[in-house]
$ cat my_file_18.txt   # compact mmCIF, C-alpha atoms and all ligand atoms
# COMPACT_ATOMS: atom_id res chain seq x y z
CA MET A 1 34.14 25.39 -36.59
CA LYS A 2 30.51 24.30 -37.02
CA THR A 3 27.90 26.61 -35.47
CA PHE A 4 24.36 25.54 -34.66
CA ARG A 5 21.37 27.63 -33.54
CA ILE A 6 19.51 26.09 -30.62
CA ALA A 7 16.13 27.21 -29.29
CA LEU A 8 15.82 26.63 -25.55
CA TYR A 9 12.28 26.11 -24.31
CA PRO A 10 12.89 25.48 -20.59
CA GLY A 11 9.18 25.65 -19.73
CA ASP A 12 7.83 25.20 -16.23
CA GLY A 13 8.68 23.78 -12.81
CA ILE A 14 12.09 22.07 -12.81
CA GLY A 15 12.40 22.58 -16.59
CA PRO A 16 14.56 25.74 -16.37
CA GLU A 17 16.78 24.21 -13.64
CA VAL A 18 17.62 21.07 -15.60
CA ILE A 19 18.03 22.90 -18.90
CA ASP A 20 20.51 25.33 -17.32
CA GLU A 21 22.64 22.35 -16.22
CA ALA A 22 22.36 20.61 -19.58
CA VAL A 23 23.61 23.77 -21.28
CA ARG A 24 26.47 24.02 -18.79
CA VAL A 25 27.56 20.44 -19.58
CA VAL A 26 27.32 21.03 -23.34
CA ASP A 27 29.29 24.28 -22.97
CA ALA A 28 32.05 22.34 -21.18
CA VAL A 29 32.18 19.74 -23.97
CA GLU A 30 32.21 22.52 -26.56
CA LYS A 31 35.16 24.14 -24.81
CA GLN A 32 37.06 20.85 -24.64
CA SER A 33 36.37 19.87 -28.23
CA GLY A 34 36.85 23.27 -29.88
CA ASP A 35 35.27 22.17 -33.15
CA PHE A 36 31.65 23.24 -32.71
CA HIS A 37 29.68 26.12 -31.25
CA LEU A 38 26.06 26.27 -30.12
CA GLU A 39 24.23 29.61 -30.12
CA TYR A 40 21.26 29.60 -27.77
CA THR A 41 18.04 31.59 -27.84
CA ARG A 42 15.95 31.24 -24.69
CA LEU A 43 12.19 31.31 -25.17
CA PRO A 44 10.12 32.33 -22.15
CA TRP A 45 7.14 30.14 -22.98
CA GLY A 46 4.98 28.25 -20.49
CA TYR A 47 2.91 29.17 -17.46
CA GLU A 48 4.60 32.53 -16.76
CA TYR A 49 4.18 33.60 -20.38
CA TRP A 50 0.50 32.60 -20.15
CA ARG A 51 0.08 34.65 -16.98
CA GLN A 52 1.40 37.71 -18.77
CA THR A 53 -0.13 37.25 -22.22
CA GLY A 54 -3.00 34.77 -21.88
CA LYS A 55 -1.16 32.25 -24.09
CA CYS A 56 1.47 29.61 -23.28
CA ALA A 57 3.37 30.45 -26.47
CA PRO A 58 2.88 33.07 -29.20
CA ASP A 59 0.57 32.27 -32.11
CA ASP A 60 3.54 32.35 -34.48
CA LEU A 61 5.62 29.86 -32.45
CA LEU A 62 6.30 27.70 -35.51
CA THR A 63 7.63 30.67 -37.46
CA VAL A 64 9.83 31.56 -34.50
CA LEU A 65 11.21 28.00 -34.22
CA ARG A 66 11.58 27.14 -37.91
CA PRO A 67 15.05 28.71 -38.45
CA PHE A 68 16.68 26.83 -35.56
CA ASP A 69 18.79 23.70 -36.00
CA ALA A 70 17.21 22.07 -32.95
CA ILE A 71 15.01 22.74 -29.94
CA LEU A 72 15.93 21.73 -26.39
CA LEU A 73 12.90 21.54 -24.14
CA GLY A 74 12.73 21.18 -20.36
CA ALA A 75 9.26 20.38 -19.06
CA VAL A 76 5.78 21.81 -19.24
CA GLY A 77 2.92 21.96 -16.77
CA TRP A 78 2.00 23.61 -13.52
CA PRO A 79 -1.30 21.92 -12.67
CA GLU A 80 -2.08 23.99 -9.57
CA LYS A 81 -1.91 27.17 -11.61
CA ILE A 82 -3.02 26.23 -15.11
CA ALA A 83 -4.79 23.31 -16.78
CA ASP A 84 -2.29 20.75 -18.10
CA HIS A 85 -3.76 20.61 -21.58
CA LEU A 86 -2.97 24.32 -22.07
CA THR A 87 0.73 24.00 -21.25
CA LEU A 88 1.07 20.80 -23.32
CA ALA A 89 -0.64 22.29 -26.40
CA PRO A 90 2.44 24.10 -27.84
CA LEU A 91 4.48 20.87 -27.57
CA VAL A 92 1.91 18.82 -29.40
CA LYS A 93 1.63 21.54 -32.05
CA ILE A 94 5.41 21.55 -32.55
CA ARG A 95 5.61 17.75 -32.76
CA GLN A 96 2.75 17.52 -35.24
CA SER A 97 3.51 20.56 -37.42
CA PHE A 98 7.24 19.82 -37.65
CA GLU A 99 6.50 16.15 -38.43
CA GLN A 100 8.56 15.03 -35.46
CA TYR A 101 6.93 11.66 -35.78
CA ALA A 102 9.71 9.59 -34.28
CA CYS A 103 9.96 9.92 -30.52
CA ILE A 104 12.99 7.86 -29.53
CA ARG A 105 13.12 6.87 -25.87
CA PRO A 106 16.03 4.61 -24.88
CA VAL A 107 15.53 2.42 -21.80
CA LYS A 108 18.92 1.35 -20.50
CA LEU A 109 19.86 0.79 -16.89
CA PRO A 110 23.22 2.54 -16.36
CA ALA A 111 26.00 0.70 -14.58
CA GLY A 112 26.05 1.63 -10.92
CA VAL A 113 22.33 2.36 -10.71
CA LYS A 114 20.25 -0.17 -8.82
CA SER A 115 17.42 -1.80 -10.72
CA VAL A 116 13.91 -1.73 -9.29
CA LEU A 117 13.54 -5.27 -10.63
CA ALA A 118 14.89 -8.21 -8.65
CA ASN A 119 17.36 -10.27 -10.71
CA LYS A 120 17.34 -7.89 -13.68
CA GLY A 121 20.25 -5.58 -14.34
CA ALA A 122 22.03 -3.64 -17.06
CA LYS A 123 22.29 -6.74 -19.26
CA GLU A 124 18.55 -7.36 -19.28
CA ILE A 125 17.29 -3.76 -19.34
CA ASP A 126 18.43 -2.36 -22.67
CA PHE A 127 15.82 -1.49 -25.27
CA VAL A 128 14.35 1.47 -27.16
CA VAL A 129 10.75 2.57 -27.26
CA LEU A 130 9.82 4.31 -30.48
CA ARG A 131 6.68 6.34 -29.92
CA GLU A 132 4.61 7.51 -32.89
CA ASN A 133 4.58 11.21 -32.11
CA SER A 134 2.51 13.00 -34.70
CA GLU A 135 -0.99 11.53 -34.72
CA GLY A 136 -2.95 8.72 -33.07
CA GLU A 137 -4.56 9.53 -29.76
CA TYR A 138 -2.99 13.01 -29.58
CA VAL A 139 -4.84 14.45 -32.56
CA ASP A 140 -6.97 17.41 -31.54
CA SER A 141 -10.22 15.90 -32.71
CA GLY A 142 -13.30 15.75 -30.53
CA SER A 143 -15.74 17.79 -28.56
CA ARG A 144 -17.82 17.97 -25.40
CA PHE A 145 -21.58 17.97 -25.56
CA HIS A 146 -24.37 18.99 -23.14
CA VAL A 147 -21.69 20.52 -20.92
CA GLY A 148 -22.62 20.55 -17.25
CA GLN A 149 -25.79 18.55 -17.83
CA GLU A 150 -26.54 15.11 -16.51
CA ASP A 151 -26.26 13.60 -19.96
CA GLU A 152 -22.94 15.30 -20.72
CA PHE A 153 -20.57 13.36 -22.92
CA ALA A 154 -17.26 13.82 -24.67
CA LEU A 155 -15.93 12.48 -27.95
CA GLN A 156 -12.18 12.11 -28.45
CA THR A 157 -11.18 10.67 -31.77
CA ALA A 158 -7.81 9.14 -32.50
CA ILE A 159 -6.57 9.31 -36.07
CA HIS A 160 -4.12 6.69 -37.35
CA THR A 161 -3.11 7.11 -40.99
CA ARG A 162 -1.53 4.46 -43.20
CA ARG A 163 1.28 6.92 -43.96
CA GLY A 164 1.85 7.65 -40.26
CA VAL A 165 1.87 4.03 -39.14
CA GLU A 166 4.01 2.83 -42.00
CA ARG A 167 6.68 5.48 -41.56
CA ILE A 168 7.10 4.87 -37.84
CA LEU A 169 7.30 1.10 -38.37
CA ARG A 170 9.90 1.51 -41.11
CA PHE A 171 11.88 3.82 -38.85
CA GLY A 172 11.66 1.15 -36.13
CA PHE A 173 12.98 -1.53 -38.48
CA GLU A 174 15.91 0.71 -39.38
CA ILE A 175 16.75 1.26 -35.70
CA ALA A 176 16.50 -2.49 -35.08
CA ARG A 177 19.09 -3.01 -37.84
CA LYS A 178 21.53 -0.90 -35.80
CA ARG A 179 20.76 -2.87 -32.63
CA ARG A 180 19.77 -6.49 -32.03
CA TYR A 181 17.49 -7.03 -35.05
CA ARG A 182 14.26 -7.43 -33.13
CA LEU A 183 11.09 -5.32 -33.29
CA THR A 184 7.91 -5.58 -31.24
CA MET A 185 4.85 -3.60 -32.22
CA VAL A 186 2.47 -2.59 -29.44
CA THR A 187 -1.20 -2.86 -30.28
CA LYS A 188 -4.61 -3.42 -28.75
CA SER A 189 -6.31 -4.80 -31.79
CA ASN A 190 -8.47 -7.20 -29.83
CA ALA A 191 -10.43 -4.27 -28.36
CA GLN A 192 -9.77 -1.41 -30.79
CA ARG A 193 -10.87 -3.01 -33.99
CA TYR A 194 -10.25 -0.21 -36.46
CA ALA A 195 -7.07 1.62 -35.58
CA TYR A 196 -4.91 -1.19 -34.26
CA VAL A 197 -6.14 -3.68 -36.84
CA LEU A 198 -4.78 -1.18 -39.37
CA TRP A 199 -1.45 -1.25 -37.46
CA ASP A 200 -1.52 -5.07 -37.56
CA GLU A 201 -2.16 -5.15 -41.30
CA ILE A 202 0.59 -2.66 -42.10
CA LEU A 203 3.13 -4.61 -40.06
CA GLU A 204 2.11 -7.75 -41.95
CA GLN A 205 2.50 -5.94 -45.30
CA ILE A 206 5.98 -4.51 -44.71
CA ARG A 207 7.75 -6.98 -42.40
CA GLY A 208 8.84 -9.11 -45.39
CA GLU A 209 10.99 -6.21 -46.57
CA TYR A 210 13.09 -6.61 -43.40
CA PRO A 211 13.81 -10.36 -43.36
CA ASP A 212 16.88 -9.80 -41.18
CA VAL A 213 14.73 -8.32 -38.39
CA GLU A 214 12.61 -10.61 -36.24
CA SER A 215 9.26 -8.88 -35.69
CA ASP A 216 6.17 -9.59 -33.65
CA LYS A 217 3.25 -7.78 -32.04
CA GLN A 218 1.90 -7.75 -28.52
CA HIS A 219 -1.04 -6.10 -26.81
CA ALA A 220 -0.22 -3.05 -24.70
CA ASP A 221 -1.31 -4.67 -21.43
CA ALA A 222 0.95 -7.65 -22.04
CA VAL A 223 3.82 -5.33 -22.92
CA ALA A 224 3.40 -3.53 -19.59
CA MET A 225 3.60 -6.89 -17.81
CA ASP A 226 6.59 -8.13 -19.80
CA PHE A 227 8.55 -4.89 -19.36
CA VAL A 228 8.64 -5.94 -15.71
CA ARG A 229 8.67 -9.73 -16.06
CA ARG A 230 11.18 -10.18 -18.87
CA PRO A 231 12.58 -6.87 -20.17
CA GLU A 232 15.35 -8.76 -21.98
CA ARG A 233 12.67 -9.80 -24.49
CA TYR A 234 12.75 -6.32 -26.02
CA ASP A 235 15.03 -4.53 -28.44
CA VAL A 236 12.95 -1.99 -30.40
CA VAL A 237 9.37 -1.42 -29.26
CA VAL A 238 7.13 0.59 -31.61
CA ALA A 239 4.00 2.06 -30.06
CA SER A 240 1.26 4.56 -30.80
CA ASN A 241 1.42 8.04 -29.31
CA LEU A 242 -0.49 7.33 -26.10
CA PHE A 243 0.74 3.77 -25.53
CA GLY A 244 4.29 5.03 -26.09
CA ASP A 245 3.83 7.83 -23.59
CA ILE A 246 2.47 5.51 -20.90
CA LEU A 247 4.97 2.70 -21.48
CA THR A 248 7.93 5.07 -21.31
CA ASP A 249 7.10 6.20 -17.80
CA LEU A 250 7.38 2.53 -16.88
CA GLY A 251 10.46 2.29 -19.07
CA GLY A 252 11.95 5.29 -17.27
CA ILE A 253 11.66 3.58 -13.92
CA LEU A 254 13.18 0.38 -15.33
CA GLY A 255 16.04 2.46 -16.70
CA GLY A 256 16.92 3.73 -13.24
CA GLY A 257 14.33 6.47 -12.78
CA LEU A 258 12.54 9.16 -14.74
CA GLY A 259 15.27 11.58 -13.79
CA LEU A 260 17.61 9.68 -16.13
CA ALA A 261 15.35 9.15 -19.15
CA PRO A 262 16.07 11.18 -22.33
CA SER A 263 13.90 11.55 -25.38
CA THR A 264 13.85 12.93 -28.90
CA ASN A 265 11.08 14.27 -31.11
CA THR A 266 12.74 13.56 -34.41
CA ASN A 267 11.83 14.70 -37.90
CA PRO A 268 13.82 12.01 -39.73
CA GLU A 269 13.69 13.83 -43.07
CA ARG A 270 15.34 16.91 -41.48
CA LYS A 271 12.84 19.18 -43.17
CA TYR A 272 12.07 20.80 -39.80
CA PRO A 273 14.03 21.19 -36.57
CA SER A 274 13.85 18.24 -34.20
CA MET A 275 13.18 18.69 -30.49
CA PHE A 276 14.88 17.02 -27.52
CA GLU A 277 13.42 16.73 -24.03
CA PRO A 278 13.63 14.67 -20.88
CA VAL A 279 10.79 12.15 -20.53
CA HIS A 280 9.92 13.56 -17.11
CA GLY A 281 7.51 16.39 -16.47
CA SER A 282 7.82 19.65 -14.56
CA ALA A 283 7.70 18.15 -11.01
CA PRO A 284 6.28 21.30 -9.36
CA ASP A 285 6.66 19.70 -5.90
CA ILE A 286 10.45 20.04 -6.09
CA ALA A 287 10.72 23.07 -8.37
CA GLY A 288 13.07 25.76 -7.07
CA LYS A 289 14.64 23.48 -4.46
CA GLY A 290 17.73 22.75 -6.53
CA ILE A 291 17.40 18.99 -6.17
CA ALA A 292 15.96 17.97 -9.54
CA ASN A 293 17.93 15.34 -11.38
CA PRO A 294 19.54 17.00 -14.45
CA ILE A 295 20.71 13.74 -16.10
CA ALA A 296 17.66 13.24 -18.34
CA ALA A 297 18.07 16.77 -19.70
CA ILE A 298 21.84 16.31 -20.08
CA ARG A 299 21.32 13.03 -21.97
CA SER A 300 18.63 14.66 -24.12
CA ALA A 301 21.16 17.36 -25.01
CA ALA A 302 23.62 14.58 -25.90
CA MET A 303 21.02 13.05 -28.23
CA MET A 304 20.63 16.50 -29.78
CA LEU A 305 24.38 16.72 -30.42
CA ASP A 306 24.31 13.29 -32.00
CA TRP A 307 21.47 14.39 -34.28
CA LEU A 308 23.47 17.49 -35.25
CA GLY A 309 26.31 15.23 -36.41
CA LEU A 310 28.43 15.69 -33.28
CA ALA A 311 28.58 12.00 -32.38
CA ALA A 312 31.89 12.24 -30.53
CA ALA A 313 30.65 15.07 -28.30
CA ALA A 314 27.44 13.13 -27.62
CA GLN A 315 29.43 10.02 -26.70
CA THR A 316 31.70 12.07 -24.44
CA ILE A 317 28.63 13.20 -22.46
CA GLU A 318 27.08 9.71 -22.32
CA SER A 319 30.36 8.26 -21.04
CA ALA A 320 30.74 11.01 -18.45
CA VAL A 321 27.17 10.47 -17.23
CA GLY A 322 27.87 6.73 -16.92
CA ALA A 323 31.11 7.36 -15.05
CA ALA A 324 29.52 9.89 -12.65
CA LEU A 325 26.61 7.56 -11.86
CA SER A 326 28.95 4.57 -11.46
CA ALA A 327 30.97 6.59 -8.98
CA GLY A 328 27.81 7.01 -6.90
CA ALA A 329 26.92 10.60 -7.79
CA GLY A 330 23.20 11.20 -7.43
CA THR A 331 20.40 13.56 -6.51
CA PRO A 332 17.81 12.50 -3.87
CA ASP A 333 15.64 10.62 -6.41
CA LEU A 334 18.62 8.26 -6.86
CA GLY A 335 19.17 8.00 -3.12
CA GLY A 336 21.99 10.57 -3.26
CA LYS A 337 22.57 13.92 -1.61
CA LEU A 338 23.79 16.07 -4.48
CA THR A 339 22.05 19.17 -5.75
CA THR A 340 21.13 19.63 -9.40
CA ALA A 341 24.25 21.73 -10.01
CA GLN A 342 26.52 19.34 -8.07
CA LEU A 343 25.41 16.36 -10.15
CA ALA A 344 26.06 18.34 -13.33
CA ASP A 345 29.48 19.24 -11.88
CA ALA A 346 30.13 15.53 -11.30
CA VAL A 347 29.37 14.88 -14.99
CA ILE A 348 31.57 17.79 -16.08
CA GLY A 349 34.35 16.39 -13.88
CA GLN A 350 34.22 13.13 -15.84
CA LEU A 351 34.20 14.65 -19.34
CA GLY A 352 36.86 13.21 -21.56
CA LYS A 353 38.14 10.88 -18.83
CA SER A 354 36.41 7.72 -19.99
CA ARG A 355 35.27 6.37 -23.31
N1 LIG B 1 9.58 16.87 -20.61
C1 LIG B 1 8.44 17.15 -21.32
C2 LIG B 1 7.21 17.30 -20.48
O1 LIG B 1 7.11 18.16 -19.64
N2 LIG B 1 6.25 16.48 -20.72
C3 LIG B 1 5.05 16.55 -19.97
C4 LIG B 1 4.04 15.60 -20.46
O2 LIG B 1 3.20 15.16 -19.71
N3 LIG B 1 4.04 15.31 -21.72
C5 LIG B 1 3.09 14.45 -22.26
C6 LIG B 1 3.56 13.92 -23.53
O3 LIG B 1 4.74 14.00 -23.85
O4 LIG B 1 2.78 13.34 -24.23
$ encode --input "my_file_18.txt" --output "structure tokens"
Amino acid sequence: MKTFRIALYPGDGIGPEVIDEAVRVVDAVEKQSGDFHLEYTRLPWGYEYWRQTGKCAPDDLLTVLRPFDAILLGAVGWPEKIADHLTLAPLVKIRQSFEQYACIRPVKLPAGVKSVLANKGAKEIDFVVLRENSEGEYVDSGSRFHVGQEDEFALQTAIHTRRGVERILRFGFEIARKRRYRLTMVTKSNAQRYAYVLWDEILEQIRGEYPDVESDKQHADAVAMDFVRRPERYDVVVASNLFGDILTDLGGILGGGLGLAPSTNTNPERKYPSMFEPVHGSAPDIAGKGIANPIAAIRSAAMMLDWLGLAAAAQTIESAVGAALSAGAGTPDLGGKLTTAQLADAVIGQLGKSR
């Protein structure tokens, strides 16, 4: 019996609701399989923690998280109560400090879910966005000047390192080798002449080492258009931190809705724990109503199991999610009537039935 220690960081808004259901699904798979055990530690971080302590997470959060095998995160943010950059700060710190530089975000329309695109279905919408997750536009570098004055200005500096760009591109090439051997790098080197020209040059320097993978580059605005116009063009899409974040909200909708979209924050070298989270945010407007879609969190938990070496358990969950959605199970965001718990029940009801 393999045992793994999992830190749960449910966070804010619908985060705790969807994480509870993800844990319930994983518990059911664990019971069925009998060959692994997950031990959970629930961390009370987020808005409520800030209200009580003045901080969204303790100063030693990295020390707290370091011993875990993985982290399962819900969502952060409660903009009516606290500024968004405060609730997001612990996440960014975890991603950067634990070198979780590979944010893997699959975009795949499940069978049975209607596409928002006319004439594009499950066959056409099947790609992965790989978001550089440790530097770029998310580096905490900048300042505000002459605050409150008429000539106020702000500087926000992105930092793109050769090491950071090269490692995410190489990771993208490796993923492409397990898929359809095609990689597209997102850039904006016509307007951003330092950072993205560096990206362009690095792609040029290393692409020859992957002759079996067809690679090209495209500007971010064109990628946004082509995600909609011809999504079948894409297999593995490698993007900077901010471009990746923006494009995966669009990707989430193409994949059937943000309520379905899972994500990893992977440290490929396994030196630090990796973190798994739905792409969606905390959705305060529906928090506490019991109608949030738990599928993105459930699928994120499946990606966590896969990362922990429990590929069969992960596949069991993915298949059950597919079967439940194909059978028409859905929360209101999918046009259905089920509650969060009922949709998780529908997934649990399908476990082990289909492969
Ligand atoms: N599910 C994670 C979450 O709540 N994300 C909120 C968000 O806006 N994140 C921004 C980011 O990932 O860059």
$ residues_near_ligand --input "my_file_18.txt" --ligand "ligand LIG 1 (chain B)" --cutoff "7 Å" --atoms "all atoms listed in the file" --output "list in words"
Leu73, Gly74, Ala75, Val76, Gly77, Leu88, Asp245, Glu277, Pro278, Val279, His280, Gly281 and Ser282 of chain A
$ closest_atom_pairs --input "my_file_18.txt" --of "range 226-310 of chain A" --to "range 333-352 of chain A" --cutoff "12 Å" --atoms "all atoms listed in the file" --output "CSV"
residue,atom,partner,partner_atom,distance
A:Ile253,CA,A:Leu334,CA,11.0
A:Gly255,CA,A:Leu334,CA,11.7
A:Gly256,CA,A:Leu334,CA,8.0
A:Gly257,CA,A:Leu334,CA,7.5
A:Leu258,CA,A:Asp333,CA,9.0
A:Gly259,CA,A:Asp333,CA,7.5
A:Leu260,CA,A:Leu334,CA,9.4
A:Ala283,CA,A:Asp333,CA,11.9
A:Ile286,CA,A:Asp333,CA,10.8
A:Ala287,CA,A:Thr340,CA,11.0
A:Gly288,CA,A:Thr340,CA,10.4
A:Lys289,CA,A:Thr339,CA,8.7
A:Gly290,CA,A:Thr340,CA,5.4
A:Ile291,CA,A:Thr339,CA,4.7
A:Ala292,CA,A:Thr340,CA,5.4
A:Asn293,CA,A:Thr340,CA,5.7
A:Pro294,CA,A:Thr340,CA,5.9
A:Ile295,CA,A:Ala344,CA,7.6
A:Ala296,CA,A:Ala344,CA,11.0
A:Ala297,CA,A:Ala344,CA,10.3
A:Ile298,CA,A:Ala344,CA,8.2
A:Arg299,CA,A:Val347,CA,10.8
$ atom_distance --input "my_file_18.txt" --atom1 "CA of Val128 in chain A" --atom2 "CA of Val236 in chain A"
4.9 Å
$ residues_near_point --input "my_file_18.txt" --point "(16.1, 0.1, -24.6)" --cutoff "7 Å" --atoms "all atoms listed in the file" --output "tab-separated table (two decimals) with C-alpha atoms, in the coordinates of the input"
chain	number	residue	atom	x	y	z
A	106	PRO	CA	16.03	4.61	-24.88
A	107	VAL	CA	15.53	2.42	-21.80
A	108	LYS	CA	18.92	1.35	-20.50
A	125	ILE	CA	17.29	-3.76	-19.34
A	126	ASP	CA	18.43	-2.36	-22.67
A	127	PHE	CA	15.82	-1.49	-25.27
A	128	VAL	CA	14.35	1.47	-27.16
A	129	VAL	CA	10.75	2.57	-27.26
A	235	ASP	CA	15.03	-4.53	-28.44
A	236	VAL	CA	12.95	-1.99	-30.40
$ residues_around --input "my_file_18.txt" --residues "Ala224 in chain A" --least-positions-apart "6" --cutoff "12 Å" --atoms "only C-alpha atoms" --output "short mmCIF file (atom, residue, chain, number, x, y, z; two decimals) with C-alpha atoms, in the coordinates of the input"
data_model
loop_
_atom_site.label_atom_id
_atom_site.label_comp_id
_atom_site.auth_asym_id
_atom_site.auth_seq_id
_atom_site.Cartn_x
_atom_site.Cartn_y
_atom_site.Cartn_z
CA VAL A 186 2.47 -2.59 -29.44
CA THR A 187 -1.20 -2.86 -30.28
CA GLN A 218 1.90 -7.75 -28.52
CA ARG A 230 11.18 -10.18 -18.87
CA PRO A 231 12.58 -6.87 -20.17
CA TYR A 234 12.75 -6.32 -26.02
CA VAL A 237 9.37 -1.42 -29.26
CA ALA A 239 4.00 2.06 -30.06
CA PHE A 243 0.74 3.77 -25.53
CA GLY A 244 4.29 5.03 -26.09
CA ILE A 246 2.47 5.51 -20.90
CA LEU A 247 4.97 2.70 -21.48
CA THR A 248 7.93 5.07 -21.31
CA ASP A 249 7.10 6.20 -17.80
CA LEU A 250 7.38 2.53 -16.88
CA GLY A 251 10.46 2.29 -19.07
CA LEU A 254 13.18 0.38 -15.33
#
$ atom_distance --input "my_file_18.txt" --atom1 "CA of Pro10 in chain A" --atom2 "CA of Arg24 in chain A"
13.8 Å
$ closest_residue --input "my_file_18.txt" --among "A:Glu135, A:Asp60, A:Glu17, A:Asp12" --to "Asn241 in chain A" --atoms "only C-alpha atoms"
A:Glu135
$ decode --input "my_file_18.txt" --residues "range 10-31 of chain A" --atoms "C-alpha atoms" --output "mmCIF file, in the first residue's frame"
data_model
loop_
_atom_site.group_PDB
_atom_site.id
_atom_site.type_symbol
_atom_site.label_atom_id
_atom_site.label_comp_id
_atom_site.auth_asym_id
_atom_site.auth_seq_id
_atom_site.Cartn_x
_atom_site.Cartn_y
_atom_site.Cartn_z
ATOM 1 C CA PRO A 10 -9.230 24.938 -0.634
ATOM 2 C CA GLY A 11 -8.994 28.745 -0.520
ATOM 3 C CA ASP A 12 -11.947 31.033 -1.107
ATOM 4 C CA GLY A 13 -15.416 31.166 -2.635
ATOM 5 C CA ILE A 14 -16.340 27.879 -4.316
ATOM 6 C CA GLY A 15 -12.830 26.503 -3.677
ATOM 7 C CA PRO A 16 -13.759 24.548 -0.510
ATOM 8 C CA GLU A 17 -16.958 23.177 -2.119
ATOM 9 C CA VAL A 18 -15.225 21.765 -5.185
ATOM 10 C CA ILE A 19 -12.237 20.452 -3.234
ATOM 11 C CA ASP A 20 -14.544 18.571 -0.845
ATOM 12 C CA GLU A 21 -16.104 16.799 -3.837
ATOM 13 C CA ALA A 22 -12.751 16.076 -5.468
ATOM 14 C CA VAL A 23 -11.587 14.441 -2.233
ATOM 15 C CA ARG A 24 -14.802 12.422 -2.054
ATOM 16 C CA VAL A 25 -14.238 11.091 -5.591
ATOM 17 C CA VAL A 26 -10.586 10.248 -4.877
ATOM 18 C CA ASP A 27 -11.616 8.526 -1.628
ATOM 19 C CA ALA A 28 -14.055 6.366 -3.605
ATOM 20 C CA VAL A 29 -11.337 5.389 -6.101
ATOM 21 C CA GLU A 30 -8.951 4.672 -3.237
ATOM 22 C CA LYS A 31 -11.529 2.373 -1.653
#
